[in-house]
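What follows is a set of notes on a single structure, which appears directly below.
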Amino acid sequence: MEPALDPLFDELTVENLRRRPGSKWRVDPDVIPASVADMDFPVAPVIADAIEHTVRHGDLGYPRWEEVHPLRTTFADRMRERYGWAVDPADVREHTDVVQGVQVLLHLGTAPGDAVAVHSPTYPPFHHTVGAMGRKRVDVPFLRTPAGWSANTAGLADAVAAHDCRALLLVNPHNPTGRVLTRDELAEIAAIARRHDLLVISDEIHAELAFAPHRHVPFASLDDDTAARTVTLTSASKAFNLAGLRCSVAHFGPRRLLTLRDAEPTELYGAVGTLSVVAAVAAWRDGADWQARLLRVLDRNRRRVAAAVASWTHDPDPMPEATYLYWFCADALGLGDDPLDEVLTRARVLLSGGPVFGEEGRRHLRLNYATGAAVLEDVLGRLGALAQERAEGTRP
């Protein structure tokens with residue numbers, strides 16, 4: 001039986017998507033983009049209503065937040081309700097996005113020349129940021145095993161010791177592989193951090209996009225020592241498609257770093273705007289029904305992509321356990337030295353991947369499947385034609 005369509009998410013057409021002003025669909029008129037990590041779905045009605053109400057009946061002047069910022073209390077409530085993690089709102093601060101949060105923390109918590117461990121393949125802005133800030137990036141490859149992607153904790157321990165790392169940039173759920181690290185894996189990483197006194201910058205922006213039976217565990221929730229060395233970064237932007245509103249939060253476990261941040265001039269790191277806070281609060285407080293429907297659609301789509309990849313190769317890459325991004329080897333399509341360009345040129349599909357994700361990404365592609373069923377079928381059909389050409393020996 002064919003998986004059910006959901007009119008809230010599947011009534012998308014390429015023609016309408018091309019009218020959008022965002023960066024994802026600013027492509028040639030015969031190209032289908034499945035690259036930028038934005039979802040194609042319309043904004044959740046509860047968020048749209050909250051923004052509209054604020055615009056029509058509220059105040060868009062300088063905001064005066066409550067004594068405790070509403071975003072901080074909403075984040076704390078969210079962590080308690082979803083993960084049983086007790087967060088003090090006083091330890092939470094706002095940034096425009098998670099990348100800015102990483103940069104702030106590298107600035108405050110490390111020095112130029114310090115080594116920073118990063119799992120690879122790596123989300124490209126992080127891959128770039130560490131080096132651009134004068135830190136030494138130490139790549140620790142995820143390992144492909146018969147059971148799926150492994151976090152390679154043994155390799156992490158060796159790399160941290162060999163390079164005297166001062167920080168770990170942890171991305172969980174992982175972008176781009178989609179792995180959700182288990183509590184046991186996180187405990188092994190926490191032990192490494194404790195032995196080497198690492199600052200852990202934990203990007204958990206994809207946490208709410210984990211598929212059952214996989215369950216996200218906030219790294220800082222493991223124990224007191226882990227909490228005291230971890231800054232957790234997250235946002236409603238991925239799970240509710242709000243990236244353009246530029247709003248994220250950081251929970252500071254290390255008191256020293258929070259003191260350093262608060263000692264900086266008030267406006268140095270910018271500030272979040274009224275509408276971005278309204279949207280995030282509405283998402284986290286009232287978006288449960290919309291999000292449940294979203295996850296059913298994303299689960300259906302990831303399984304559809306998995307079936308397609310399995311039809312292209314006898315050794316398909318593992319299905320993601322979270323996110324709406326599918327990471328697979330370009331060899332499945334019989335592609336040459338520049339698979340991204342070849343997919344774009346021959347199939348007119350824009351994917352991401354390649355060496356911007358690190359050396360481990362050189363032969364891999366990342367497909368964003370957060371789109372309607374018909375659009376996804378168009379993408380998979382175009383890619384499948386490449387695999388068919390390879391199978392028939394008719395590749396140009």
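Following the order of the structure tokens, first chain is A, next is B, and so on, with residues numbered from 1 inside each chain and ligands from 1 in the order they appear.
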Quick one: which segment 220-270 of chain A residues come within 10 Å of segment 60-79 of chain A, and what is the nearest atom pair for each with the distance in Å to one decimal, counting only C-alpha atoms, rows ordered by chain and ascending number, as a Markdown table?
```
| residue | atom | partner | partner_atom | distance |
| --- | --- | --- | --- | --- |
| A:Ser221 | CA | A:Met79 | CA | 9.7 |
| A:Thr234 | CA | A:Phe75 | CA | 9.3 |
| A:Ser235 | CA | A:Phe75 | CA | 9.1 |
| A:Ala236 | CA | A:Phe75 | CA | 9.6 |
| A:Cys247 | CA | A:Leu71 | CA | 9.6 |
| A:Ser248 | CA | A:Leu71 | CA | 9.1 |
| A:Val249 | CA | A:Arg72 | CA | 7.7 |
| A:Ala250 | CA | A:Arg72 | CA | 9.2 |
| A:His251 | CA | A:Arg72 | CA | 9.0 |
```
Polymer residues at most 10 Å from Val130 of chain A, only C-alpha atoms, same-chain spacing of 3 or more positions, as a VMD selection string: chain A and resid 102 to 103 106 112 114 to 118 125 to 127 133 to 138 169
What does the file look like for those residues with C-alpha atoms, as a compact mmCIF listing (two decimals), in the first residue's frame?
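See again_19.txt below for the written result:
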```txt
# COMPACT_ATOMS: atom_id res chain seq x y z
CA VAL A 102 29.92 28.33 17.63
CA GLN A 103 32.01 31.35 16.69
CA LEU A 106 35.48 29.42 19.98
CA PRO A 112 44.26 30.95 18.16
CA ASP A 114 44.21 25.60 19.70
CA ALA A 115 43.11 22.27 18.27
CA VAL A 116 39.38 21.59 17.97
CA ALA A 117 38.10 18.07 17.31
CA VAL A 118 35.27 17.78 14.78
CA PRO A 125 30.03 26.30 7.88
CA PHE A 126 31.63 24.52 10.83
CA HIS A 127 34.29 23.01 8.58
CA MET A 133 39.10 31.62 13.32
CA GLY A 134 42.70 30.48 13.44
CA ARG A 135 42.01 27.23 15.26
CA LYS A 136 43.40 23.87 14.13
CA ARG A 137 40.60 21.59 12.97
CA VAL A 138 41.18 17.93 13.84
CA LEU A 169 32.51 20.47 18.30
```
Secondary structure check, strand (DSSP E) residues of segment 108-212 of chain A, as an NGL selection string: :A and (115-120 or 136-141 or 143-145 or 148-150 or 167-171 or 199-203)
Residue nearest Ser237 of chain A - candidates A:Trp85, A:Leu380, A:Trp284, A:Glu392, atoms counted: only C-alpha atoms: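 Selected residue with least distance to Ser237 of chain A: A:Trp284.
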Among listed residues A:Arg285, A:Pro7, A:Phe219, A:Lys24, nearest Leu351 of chain A (using only C-alpha atoms):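 Looking at the shortest contact to Leu351 of chain A, the residue is A:Lys24.
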